[in-house]
file my_file.pdb (PDB, C-alpha atoms, pLDDT in the B column)
MODEL        1
ATOM      1  CA  MET A   1      41.241 200.123  56.387  1.00 43.00           C
ATOM      2  CA  VAL A   2      43.061 203.089  57.949  1.00 45.00           C
ATOM      3  CA  LEU A   3      45.441 200.782  59.789  1.00 48.00           C
ATOM      4  CA  GLN A   4      46.127 198.893  56.592  1.00 67.00           C
ATOM      5  CA  LYS A   5      47.020 202.079  54.731  1.00 67.00           C
ATOM      6  CA  GLU A   6      49.301 203.256  57.518  1.00 68.00           C
ATOM      7  CA  TYR A   7      50.945 199.852  57.562  1.00 77.00           C
ATOM      8  CA  LEU A   8      51.735 200.140  53.854  1.00 84.00           C
ATOM      9  CA  ASP A   9      53.441 203.510  54.359  1.00 82.00           C
ATOM     10  CA  MET A  10      55.482 202.190  57.268  1.00 86.00           C
ATOM     11  CA  VAL A  11      56.698 199.192  55.254  1.00 87.00           C
ATOM     12  CA  LEU A  12      56.951 200.153  51.585  1.00 90.00           C
ATOM     13  CA  VAL A  13      58.373 203.674  51.956  1.00 91.00           C
ATOM     14  CA  PRO A  14      61.335 202.654  54.187  1.00 92.00           C
ATOM     15  CA  CYS A  15      61.991 199.691  51.896  1.00 94.00           C
ATOM     16  CA  GLY A  16      62.088 201.987  48.871  1.00 94.00           C
ATOM     17  CA  LEU A  17      64.425 204.454  50.584  1.00 94.00           C
ATOM     18  CA  VAL A  18      66.729 201.689  51.813  1.00 96.00           C
ATOM     19  CA  LEU A  19      66.846 200.322  48.276  1.00 96.00           C
ATOM     20  CA  MET A  20      67.816 203.715  46.841  1.00 96.00           C
ATOM     21  CA  PHE A  21      70.368 204.557  49.540  1.00 96.00           C
ATOM     22  CA  GLY A  22      71.823 201.048  49.491  1.00 96.00           C
ATOM     23  CA  TYR A  23      72.350 201.150  45.748  1.00 96.00           C
ATOM     24  CA  HIS A  24      74.092 204.524  45.888  1.00 96.00           C
ATOM     25  CA  LEU A  25      76.353 203.395  48.727  1.00 96.00           C
ATOM     26  CA  PHE A  26      77.276 200.383  46.610  1.00 96.00           C
ATOM     27  CA  LEU A  27      77.875 202.692  43.645  1.00 95.00           C
ATOM     28  CA  LEU A  28      80.108 204.917  45.778  1.00 95.00           C
ATOM     29  CA  TYR A  29      82.128 201.864  46.806  1.00 96.00           C
ATOM     30  CA  ARG A  30      82.582 200.888  43.154  1.00 95.00           C
ATOM     31  CA  ILE A  31      83.621 204.425  42.195  1.00 93.00           C
ATOM     32  CA  ILE A  32      86.296 204.470  44.912  1.00 93.00           C
ATOM     33  CA  MET A  33      87.577 200.904  44.646  1.00 93.00           C
ATOM     34  CA  HIS A  34      86.787 199.935  41.035  1.00 93.00           C
ATOM     35  CA  PRO A  35      86.222 203.163  39.076  1.00 91.00           C
ATOM     36  CA  HIS A  36      86.707 201.486  35.695  1.00 91.00           C
ATOM     37  CA  THR A  37      83.485 199.512  36.220  1.00 93.00           C
ATOM     38  CA  THR A  38      81.329 202.638  36.556  1.00 94.00           C
ATOM     39  CA  ALA A  39      80.228 205.228  34.027  1.00 93.00           C
ATOM     40  CA  ILE A  40      81.322 208.022  36.372  1.00 94.00           C
ATOM     41  CA  GLY A  41      84.838 206.615  36.643  1.00 92.00           C
ATOM     42  CA  TYR A  42      84.999 206.132  32.886  1.00 93.00           C
ATOM     43  CA  GLU A  43      83.931 209.724  32.251  1.00 93.00           C
ATOM     44  CA  ASN A  44      86.371 211.138  34.814  1.00 92.00           C
ATOM     45  CA  HIS A  45      89.221 209.187  33.231  1.00 91.00           C
ATOM     46  CA  ASN A  46      88.492 210.709  29.826  1.00 91.00           C
ATOM     47  CA  LYS A  47      88.008 214.176  31.292  1.00 92.00           C
ATOM     48  CA  ARG A  48      91.471 214.056  32.845  1.00 89.00           C
ATOM     49  CA  ALA A  49      92.971 213.169  29.486  1.00 88.00           C
ATOM     50  CA  TRP A  50      90.975 215.981  27.860  1.00 89.00           C
ATOM     51  CA  VAL A  51      92.274 218.512  30.374  1.00 88.00           C
ATOM     52  CA  GLU A  52      95.852 217.368  29.843  1.00 86.00           C
ATOM     53  CA  ARG A  53      95.571 217.816  26.077  1.00 83.00           C
ATOM     54  CA  MET A  54      93.841 221.181  26.346  1.00 82.00           C
ATOM     55  CA  MET A  55      96.541 222.493  28.684  1.00 80.00           C
ATOM     56  CA  GLN A  56      99.226 221.677  26.118  1.00 77.00           C
ATOM     57  CA  VAL A  57      97.966 223.953  23.367  1.00 67.00           C
ATOM     58  CA  ASP A  58      98.845 227.572  22.771  1.00 63.00           C
ATOM     59  CA  PRO A  59      96.350 229.862  24.592  1.00 58.00           C
ATOM     60  CA  ASP A  60      95.933 231.809  21.339  1.00 58.00           C
ATOM     61  CA  MET A  61      95.020 228.733  19.281  1.00 62.00           C
ATOM     62  CA  LYS A  62      91.468 227.703  18.451  1.00 65.00           C
ATOM     63  CA  GLU A  63      91.718 224.564  20.612  1.00 66.00           C
ATOM     64  CA  THR A  64      91.566 226.784  23.691  1.00 74.00           C
ATOM     65  CA  GLY A  65      88.364 228.318  22.370  1.00 80.00           C
ATOM     66  CA  ILE A  66      86.920 224.827  21.916  1.00 81.00           C
ATOM     67  CA  ALA A  67      87.799 223.959  25.518  1.00 82.00           C
ATOM     68  CA  LEU A  68      86.114 227.111  26.780  1.00 83.00           C
ATOM     69  CA  GLN A  69      83.020 226.327  24.716  1.00 88.00           C
ATOM     70  CA  VAL A  70      82.825 222.836  26.202  1.00 89.00           C
ATOM     71  CA  ILE A  71      83.044 224.178  29.745  1.00 91.00           C
ATOM     72  CA  SER A  72      80.552 226.937  28.932  1.00 91.00           C
ATOM     73  CA  GLY A  73      78.110 224.273  27.774  1.00 92.00           C
ATOM     74  CA  ASN A  74      78.450 222.484  31.107  1.00 92.00           C
ATOM     75  CA  ILE A  75      77.953 225.773  32.937  1.00 93.00           C
ATOM     76  CA  SER A  76      74.767 226.470  30.980  1.00 94.00           C
ATOM     77  CA  ALA A  77      73.373 222.993  31.676  1.00 94.00           C
ATOM     78  CA  ALA A  78      74.168 223.199  35.403  1.00 94.00           C
ATOM     79  CA  THR A  79      72.663 226.688  35.622  1.00 94.00           C
ATOM     80  CA  TYR A  80      69.481 225.541  33.899  1.00 95.00           C
ATOM     81  CA  LEU A  81      69.005 222.567  36.219  1.00 94.00           C
ATOM     82  CA  ALA A  82      69.779 224.733  39.256  1.00 94.00           C
ATOM     83  CA  SER A  83      67.085 227.190  38.155  1.00 93.00           C
ATOM     84  CA  LEU A  84      64.671 224.323  37.582  1.00 91.00           C
ATOM     85  CA  SER A  85      65.367 222.854  41.025  1.00 92.00           C
ATOM     86  CA  ILE A  86      64.911 226.116  42.915  1.00 91.00           C
ATOM     87  CA  GLY A  87      61.798 226.874  40.866  1.00 89.00           C
ATOM     88  CA  LEU A  88      60.228 223.550  41.796  1.00 87.00           C
ATOM     89  CA  SER A  89      61.234 224.106  45.421  1.00 85.00           C
ATOM     90  CA  SER A  90      59.491 227.482  45.438  1.00 83.00           C
ATOM     91  CA  LEU A  91      56.425 225.946  43.814  1.00 83.00           C
ATOM     92  CA  ILE A  92      56.231 223.212  46.442  1.00 80.00           C
ATOM     93  CA  GLY A  93      56.697 225.731  49.253  1.00 73.00           C
ATOM     94  CA  ALA A  94      53.925 227.939  47.891  1.00 73.00           C
ATOM     95  CA  TRP A  95      51.691 224.917  47.388  1.00 72.00           C
ATOM     96  CA  VAL A  96      52.124 223.748  50.969  1.00 65.00           C
ATOM     97  CA  GLY A  97      51.625 227.236  52.386  1.00 60.00           C
ATOM     98  CA  SER A  98      48.449 227.980  50.446  1.00 63.00           C
ATOM     99  CA  SER A  99      46.707 224.598  50.633  1.00 56.00           C
ATOM    100  CA  SER A 100      44.284 224.293  53.512  1.00 50.00           C
ATOM    101  CA  ASN A 101      42.628 221.140  52.217  1.00 48.00           C
ATOM    102  CA  ASN A 102      45.094 218.947  50.406  1.00 53.00           C
ATOM    103  CA  ILE A 103      43.705 217.465  47.223  1.00 53.00           C
ATOM    104  CA  PHE A 104      45.614 214.241  47.804  1.00 50.00           C
ATOM    105  CA  MET A 105      43.746 213.517  51.041  1.00 54.00           C
ATOM    106  CA  SER A 106      41.180 211.468  49.212  1.00 57.00           C
ATOM    107  CA  THR A 107      40.145 207.897  48.708  1.00 59.00           C
ATOM    108  CA  LEU A 108      42.161 207.803  45.474  1.00 67.00           C
ATOM    109  CA  VAL A 109      45.407 207.637  47.471  1.00 72.00           C
ATOM    110  CA  TYR A 110      45.849 204.180  48.944  1.00 74.00           C
ATOM    111  CA  GLY A 111      48.039 205.081  51.885  1.00 76.00           C
ATOM    112  CA  ASP A 112      48.331 207.244  54.951  1.00 74.00           C
ATOM    113  CA  THR A 113      46.557 210.555  54.292  1.00 74.00           C
ATOM    114  CA  ARG A 114      47.034 212.195  57.676  1.00 79.00           C
ATOM    115  CA  SER A 115      48.254 215.781  57.657  1.00 79.00           C
ATOM    116  CA  SER A 116      51.484 214.876  59.453  1.00 80.00           C
ATOM    117  CA  THR A 117      52.356 212.315  56.786  1.00 82.00           C
ATOM    118  CA  ILE A 118      51.543 214.774  54.002  1.00 82.00           C
ATOM    119  CA  THR A 119      53.877 217.294  55.646  1.00 83.00           C
ATOM    120  CA  VAL A 120      56.696 214.740  55.773  1.00 88.00           C
ATOM    121  CA  LYS A 121      56.175 214.021  52.078  1.00 87.00           C
ATOM    122  CA  TYR A 122      56.476 217.676  51.127  1.00 87.00           C
ATOM    123  CA  ILE A 123      59.489 218.301  53.362  1.00 89.00           C
ATOM    124  CA  SER A 124      61.310 215.278  51.926  1.00 91.00           C
ATOM    125  CA  LEU A 125      60.554 216.354  48.375  1.00 90.00           C
ATOM    126  CA  LEU A 126      61.585 219.936  49.087  1.00 90.00           C
ATOM    127  CA  SER A 127      64.865 218.773  50.655  1.00 92.00           C
ATOM    128  CA  SER A 128      65.734 216.749  47.558  1.00 94.00           C
ATOM    129  CA  PHE A 129      65.175 219.708  45.248  1.00 93.00           C
ATOM    130  CA  LEU A 130      67.203 222.010  47.501  1.00 93.00           C
ATOM    131  CA  LEU A 131      70.063 219.496  47.547  1.00 95.00           C
ATOM    132  CA  ALA A 132      69.929 219.340  43.752  1.00 95.00           C
ATOM    133  CA  PHE A 133      69.999 223.142  43.577  1.00 96.00           C
ATOM    134  CA  ALA A 134      73.044 223.381  45.859  1.00 96.00           C
ATOM    135  CA  SER A 135      74.862 220.657  43.910  1.00 96.00           C
ATOM    136  CA  PHE A 136      74.301 222.298  40.531  1.00 96.00           C
ATOM    137  CA  ILE A 137      75.389 225.670  41.928  1.00 96.00           C
ATOM    138  CA  HIS A 138      78.659 224.155  43.164  1.00 96.00           C
ATOM    139  CA  SER A 139      79.091 222.420  39.816  1.00 96.00           C
ATOM    140  CA  THR A 140      78.773 225.789  38.087  1.00 96.00           C
ATOM    141  CA  ARG A 141      81.262 227.292  40.521  1.00 95.00           C
ATOM    142  CA  TYR A 142      83.970 224.739  39.734  1.00 96.00           C
ATOM    143  CA  TYR A 143      83.385 224.906  35.984  1.00 95.00           C
ATOM    144  CA  VAL A 144      83.705 228.696  36.091  1.00 94.00           C
ATOM    145  CA  HIS A 145      86.947 228.309  38.022  1.00 93.00           C
ATOM    146  CA  ALA A 146      88.252 225.859  35.409  1.00 92.00           C
ATOM    147  CA  ASN A 147      87.281 228.358  32.725  1.00 90.00           C
ATOM    148  CA  PHE A 148      89.414 231.018  34.390  1.00 89.00           C
ATOM    149  CA  LEU A 149      92.387 228.669  34.735  1.00 88.00           C
ATOM    150  CA  ILE A 150      92.321 227.529  31.106  1.00 85.00           C
ATOM    151  CA  SER A 151      91.929 231.042  29.708  1.00 82.00           C
ATOM    152  CA  THR A 152      94.671 232.613  31.851  1.00 79.00           C
ATOM    153  CA  PRO A 153      97.373 233.949  29.481  1.00 73.00           C
ATOM    154  CA  ASN A 154     101.133 233.595  30.027  1.00 71.00           C
ATOM    155  CA  THR A 155     100.846 231.172  32.914  1.00 71.00           C
ATOM    156  CA  ASP A 156     102.328 227.865  34.031  1.00 79.00           C
ATOM    157  CA  ILE A 157      99.347 226.641  36.047  1.00 82.00           C
ATOM    158  CA  PRO A 158      99.767 222.926  36.876  1.00 86.00           C
ATOM    159  CA  VAL A 159      97.427 220.609  35.026  1.00 86.00           C
ATOM    160  CA  LYS A 160      96.250 219.061  38.292  1.00 90.00           C
ATOM    161  CA  TYR A 161      94.603 222.357  39.301  1.00 91.00           C
ATOM    162  CA  VAL A 162      92.417 222.372  36.208  1.00 91.00           C
ATOM    163  CA  GLU A 163      91.760 218.641  36.539  1.00 92.00           C
ATOM    164  CA  LEU A 164      90.599 219.117  40.109  1.00 93.00           C
ATOM    165  CA  ALA A 165      88.178 221.879  39.131  1.00 94.00           C
ATOM    166  CA  VAL A 166      86.724 219.918  36.198  1.00 94.00           C
ATOM    167  CA  ILE A 167      86.372 216.653  38.142  1.00 95.00           C
ATOM    168  CA  ARG A 168      84.757 218.363  41.122  1.00 95.00           C
ATOM    169  CA  GLY A 169      82.347 220.148  38.825  1.00 95.00           C
ATOM    170  CA  SER A 170      81.471 216.815  37.251  1.00 94.00           C
ATOM    171  CA  ASN A 171      81.018 215.136  40.643  1.00 95.00           C
ATOM    172  CA  PHE A 172      78.665 217.851  41.876  1.00 96.00           C
ATOM    173  CA  TRP A 173      76.754 217.533  38.604  1.00 96.00           C
ATOM    174  CA  SER A 174      76.322 213.806  39.278  1.00 95.00           C
ATOM    175  CA  LEU A 175      75.237 214.512  42.856  1.00 95.00           C
ATOM    176  CA  GLY A 176      72.610 216.956  41.614  1.00 96.00           C
ATOM    177  CA  LEU A 177      71.237 214.365  39.211  1.00 95.00           C
ATOM    178  CA  ARG A 178      71.057 211.793  42.017  1.00 96.00           C
ATOM    179  CA  ALA A 179      69.076 214.259  44.117  1.00 96.00           C
ATOM    180  CA  LEU A 180      66.621 214.659  41.240  1.00 95.00           C
ATOM    181  CA  TYR A 181      66.304 210.873  41.005  1.00 95.00           C
ATOM    182  CA  PHE A 182      65.399 210.759  44.694  1.00 95.00           C
ATOM    183  CA  ALA A 183      62.954 213.620  44.164  1.00 93.00           C
ATOM    184  CA  THR A 184      61.226 211.596  41.450  1.00 92.00           C
ATOM    185  CA  THR A 185      60.528 208.689  43.790  1.00 93.00           C
ATOM    186  CA  LEU A 186      59.455 211.031  46.598  1.00 91.00           C
ATOM    187  CA  LEU A 187      57.133 212.826  44.207  1.00 89.00           C
ATOM    188  CA  LEU A 188      55.348 209.555  43.497  1.00 89.00           C
ATOM    189  CA  TRP A 189      55.043 208.986  47.248  1.00 89.00           C
ATOM    190  CA  ILE A 190      52.428 211.764  47.233  1.00 85.00           C
ATOM    191  CA  PHE A 191      50.211 209.370  45.277  1.00 84.00           C
ATOM    192  CA  GLY A 192      50.760 206.567  47.777  1.00 85.00           C
ATOM    193  CA  PRO A 193      53.429 204.154  49.031  1.00 89.00           C
ATOM    194  CA  ILE A 194      52.860 201.608  46.267  1.00 90.00           C
ATOM    195  CA  PRO A 195      53.859 203.973  43.388  1.00 91.00           C
ATOM    196  CA  MET A 196      56.821 205.156  45.463  1.00 92.00           C
ATOM    197  CA  PHE A 197      58.136 201.638  46.055  1.00 94.00           C
ATOM    198  CA  ALA A 198      57.535 200.617  42.435  1.00 95.00           C
ATOM    199  CA  SER A 199      59.404 203.689  41.190  1.00 95.00           C
ATOM    200  CA  SER A 200      62.303 202.932  43.556  1.00 95.00           C
ATOM    201  CA  VAL A 201      62.666 199.420  42.162  1.00 96.00           C
ATOM    202  CA  PHE A 202      62.449 200.704  38.595  1.00 96.00           C
ATOM    203  CA  MET A 203      64.894 203.548  39.308  1.00 95.00           C
ATOM    204  CA  VAL A 204      67.514 201.267  40.860  1.00 96.00           C
ATOM    205  CA  THR A 205      67.236 198.825  37.963  1.00 96.00           C
ATOM    206  CA  LEU A 206      67.588 201.600  35.404  1.00 95.00           C
ATOM    207  CA  LEU A 207      70.465 203.313  37.227  1.00 95.00           C
ATOM    208  CA  HIS A 208      72.349 200.043  37.604  1.00 95.00           C
ATOM    209  CA  PHE A 209      72.178 199.619  33.838  1.00 95.00           C
ATOM    210  CA  LEU A 210      73.236 203.223  33.164  1.00 94.00           C
ATOM    211  CA  ASP A 211      75.989 203.360  35.809  1.00 94.00           C
ATOM    212  CA  THR A 212      77.727 200.166  34.723  1.00 93.00           C
ATOM    213  CA  ASN A 213      80.653 200.516  32.340  1.00 91.00           C
ATOM    214  CA  SER A 214      81.969 197.628  30.259  1.00 88.00           C
ATOM    215  CA  ILE A 215      84.296 199.637  27.994  1.00 87.00           C
ATOM    216  CA  PRO A 216      87.985 199.249  28.895  1.00 85.00           C
ATOM    217  CA  LEU A 217      89.713 202.462  29.895  1.00 83.00           C
ATOM    218  CA  HIS A 218      91.923 203.819  27.152  1.00 79.00           C
ATOM    219  CA  GLN A 219      95.447 204.372  28.424  1.00 81.00           C
ATOM    220  CA  TYR A 220      96.339 207.807  27.110  1.00 76.00           C
ATOM    221  CA  LYS A 221      99.987 208.659  26.689  1.00 73.00           C
ATOM    222  CA  PRO A 222     100.809 211.283  29.327  1.00 62.00           C
ATOM    223  CA  PRO A 223     102.012 214.566  27.834  1.00 57.00           C
ATOM    224  CA  ASN A 224     105.370 215.724  29.122  1.00 56.00           C
ATOM    225  CA  HIS A 225     105.466 219.285  27.831  1.00 50.00           C
ATOM    226  CA  ALA A 226     103.337 222.362  27.366  1.00 47.00           C
ATOM    227  CA  PHE A 227     103.566 225.565  25.384  1.00 45.00           C
ATOM    228  CA  VAL A 228     103.990 228.825  27.250  1.00 43.00           C
ATOM    229  CA  LYS A 229     103.965 232.159  25.516  1.00 41.00           C
ATOM    230  CA  SER A 230     106.663 234.576  26.633  1.00 42.00           C
ATOM    231  CA  LYS A 231     106.283 238.331  26.851  1.00 43.00           C
ATOM    232  CA  GLY A 232     107.990 238.789  23.501  1.00 45.00           C
ATOM    233  CA  GLY A 233     105.408 236.605  21.781  1.00 43.00           C
ATOM    234  CA  GLN A 234     107.745 233.628  21.296  1.00 44.00           C
ATOM    235  CA  MET A 235     106.459 230.144  22.108  1.00 43.00           C
ATOM    236  CA  ASN A 236     108.600 228.221  24.580  1.00 49.00           C
ATOM    237  CA  VAL A 237     108.349 224.547  25.445  1.00 47.00           C
ATOM    238  CA  VAL A 238     108.444 223.825  29.154  1.00 47.00           C
ATOM    239  CA  PRO A 239     108.120 220.503  30.988  1.00 47.00           C
ATOM    240  CA  ARG A 240     104.826 219.845  32.675  1.00 44.00           C
ATOM    241  CA  SER A 241     104.314 217.172  35.282  1.00 42.00           C
ATOM    242  CA  ILE A 242     101.035 215.289  35.222  1.00 40.00           C
ATOM    243  CA  GLU A 243      99.520 214.236  38.529  1.00 43.00           C
ATOM    244  CA  HIS A 244      96.207 212.434  38.632  1.00 46.00           C
ATOM    245  CA  GLN A 245      93.692 212.965  41.372  1.00 44.00           C
ATOM    246  CA  GLY A 246      91.479 210.296  42.822  1.00 47.00           C
ATOM    247  CA  PHE A 247      87.937 209.723  41.643  1.00 50.00           C
TER     248      PHE A 247
ENDMDL
END
call {"tool": "encode", "arguments": {"input": "my_file.pdb", "output": "structure tokens"}}
result
Amino acid sequence: MVLQKEYLDMVLVPCGLVLMFGYHLFLLYRIIMHPHTTAIGYENHNKRAWVERMMQVDPDMKETGIALQVISGNISAATYLASLSIGLSSLIGAWVGSSSNNIFMSTLVYGDTRSSTITVKYISLLSSFLLAFASFIHSTRYYVHANFLISTPNTDIPVKYVELAVIRGSNFWSLGLRALYFATTLLLWIFGPIPMFASSVFMVTLLHFLDTNSIPLHQYKPPNHAFVKSKGGQMNVVPRSIEHQGF
């Protein structure tokens, strides 16, 4: 019976991880080569257009305040998830350090219950939460930087600088969410290899549905000017070149 349980862990857990990693490598390929077919590419396309429009308005107008509120909302969400990730990491670390007899080493777990395997489970889960924490922190960093760029008065900052900050913040946000998805499957591994593999199959199926985009990309008309406020308070129209970054 012990050999059978160990055999399940050696087969189902690697299969589940390969399934998760393989799907995300395929998703990365689609984002780079065919971004319009993914939800991430669709969102980044619209975010670039949003940044271009927001950079056209007068810094003293209410549209700038709306832009800052939108970015502040993203900062709050990223900060909350970062706090949640580091809190769960601390909880897992304290749990491992204070548990002499693990409650999951029982006959209820159909899988390998050796102490070395339990340690690998906790380390893998802890690594996923720490990766999520680092990703959300970097997402907050780039959103804060975009906030500074948008709210800078009397400036001619190129639109591509703000676009780069917003898109990178969004990409790190997506990376943090992916780390939490991995943490979910690894969390179920504590209860055995069968729940872990089943959750991996379910997660890949669900993510494939959520990550696929069938809406055609709207071709926004590129703005060719922006308003800059002079020292005397007069609004001047200056040309602004729009350069798109890659996904």
call {"tool": "closest_residue", "arguments": {"input": "my_file.pdb", "among": "A:Ala39, A:Ile66, A:Ile118, A:Cys15", "to": "A:Phe191", "atoms": "only C-alpha atoms"}}
result
A:Ile118
call {"tool": "axis_aligned_box", "arguments": {"input": "my_file.pdb", "around": "stretch 80-89 of chain A", "padding_each_side": "8 Å", "output": "JSON"}}
result
{"center_x": 65.0, "center_y": 224.9, "center_z": 39.7, "size_x": 25.6, "size_y": 20.6, "size_z": 27.5}
call {"tool": "atom_distance", "arguments": {"input": "my_file.pdb", "atom1": "atom CA of A:Tyr161", "atom2": "atom CA of A:Lys221"}}
result
19.4 Å
call {"tool": "atom_distance", "arguments": {"input": "my_file.pdb", "atom1": "atom CA of A:Thr37", "atom2": "atom CA of A:Val51"}}
result
21.7 Å
call {"tool": "resolve_selection", "arguments": {"input": "my_file.pdb", "expression": "the PyMOL selection byres ((chain A and resi 217) around 8)", "output": "ChimeraX atom specification"}}
result
/A:36,42,45,215-216,218-219
call {"tool": "residues_around", "arguments": {"input": "my_file.pdb", "residues": "A:Leu186", "least_positions_apart": "5", "cutoff": "8 Å", "atoms": "all atoms listed in the file", "output": "compact mmCIF listing (two decimals) with C-alpha atoms, in the frame of the given file"}}
result
# COMPACT_ATOMS: atom_id res chain seq x y z
CA LYS A 121 56.18 214.02 52.08
CA SER A 124 61.31 215.28 51.93
CA LEU A 125 60.55 216.35 48.38
CA MET A 196 56.82 205.16 45.46
call {"tool": "atom_distance", "arguments": {"input": "my_file.pdb", "atom1": "atom CA of A:Arg53", "atom2": "atom CA of A:Val159"}}
result
9.6 Å
call {"tool": "closest_residue", "arguments": {"input": "my_file.pdb", "among": "A:Met55, A:Tyr122, A:Gly87, A:Met20", "to": "A:Leu206", "atoms": "only C-alpha atoms"}}
result
A:Met20
call {"tool": "residues_around", "arguments": {"input": "my_file.pdb", "residues": "A:Asn147", "least_positions_apart": "6", "cutoff": "10 Å", "atoms": "all atoms listed in the file", "output": "ChimeraX atom specification"}}
result
/A:67-72,75,141,162,165-166
call {"tool": "write_last_selection", "arguments": {"input": "my_file.pdb", "atoms": "C-alpha atoms", "output": "PDB file, keeping the file's coordinate frame"}}
result
ATOM      1  CA  ALA A  67      87.799 223.959  25.518  1.00 82.00           C
ATOM      2  CA  LEU A  68      86.114 227.111  26.780  1.00 83.00           C
ATOM      3  CA  GLN A  69      83.020 226.327  24.716  1.00 88.00           C
ATOM      4  CA  VAL A  70      82.825 222.836  26.202  1.00 89.00           C
ATOM      5  CA  ILE A  71      83.044 224.178  29.745  1.00 91.00           C
ATOM      6  CA  SER A  72      80.552 226.937  28.932  1.00 91.00           C
ATOM      7  CA  ILE A  75      77.953 225.773  32.937  1.00 93.00           C
ATOM      8  CA  ARG A 141      81.262 227.292  40.521  1.00 95.00           C
ATOM      9  CA  VAL A 162      92.417 222.372  36.208  1.00 91.00           C
ATOM     10  CA  ALA A 165      88.178 221.879  39.131  1.00 94.00           C
ATOM     11  CA  VAL A 166      86.724 219.918  36.198  1.00 94.00           C
TER      12      VAL A 166
END
call {"tool": "residues_near_point", "arguments": {"input": "my_file.pdb", "point": "(78.5, 204.7, 40.7)", "cutoff": "7 Å", "atoms": "all atoms listed in the file", "output": "list in words"}}
result
His24, Leu27, Leu28, Arg30, Ile31, Thr38, Ala39, Ile40 and Asp211 of chain A
call {"tool": "resolve_selection", "arguments": {"input": "my_file.pdb", "expression": "the PyMOL selection byres ((chain A and resi 134) around 12)", "output": "JSON, numbers by chain"}}
result
{"A": [78, 79, 81, 82, 83, 84, 85, 86, 89, 127, 128, 129, 130, 131, 132, 133, 135, 136, 137, 138, 139, 140, 141, 172, 173, 175, 176, 177, 179, 180]}
call {"tool": "closest_residue", "arguments": {"input": "my_file.pdb", "among": "A:Val201, A:Leu12, A:Thr64, A:Leu88", "to": "A:Trp50", "atoms": "all atoms listed in the file"}}
result
A:Thr64
call {"tool": "closest_residue", "arguments": {"input": "my_file.pdb", "among": "A:Ile123, A:Val144, A:Val109, A:Ile32", "to": "A:Ser76", "atoms": "only C-alpha atoms"}}
result
A:Val144
call {"tool": "closest_residue", "arguments": {"input": "my_file.pdb", "among": "A:Gly16, A:Gly169, A:Gly192, A:Gly22", "to": "A:Thr113", "atoms": "all atoms listed in the file"}}
result
A:Gly192
call {"tool": "residues_around", "arguments": {"input": "my_file.pdb", "residues": "A:Leu17", "least_positions_apart": "4", "cutoff": "12 Å", "atoms": "only C-alpha atoms", "output": "NGL selection string"}}
result
:A and (9-13 or 21-24 or 124 or 181-183 or 185-186 or 189 or 193 or 196-201 or 203-204)
call {"tool": "closest_residue", "arguments": {"input": "my_file.pdb", "among": "A:Tyr110, A:Ser116, A:Tyr142, A:Phe202", "to": "A:Leu164", "atoms": "only C-alpha atoms"}}
result
A:Tyr142
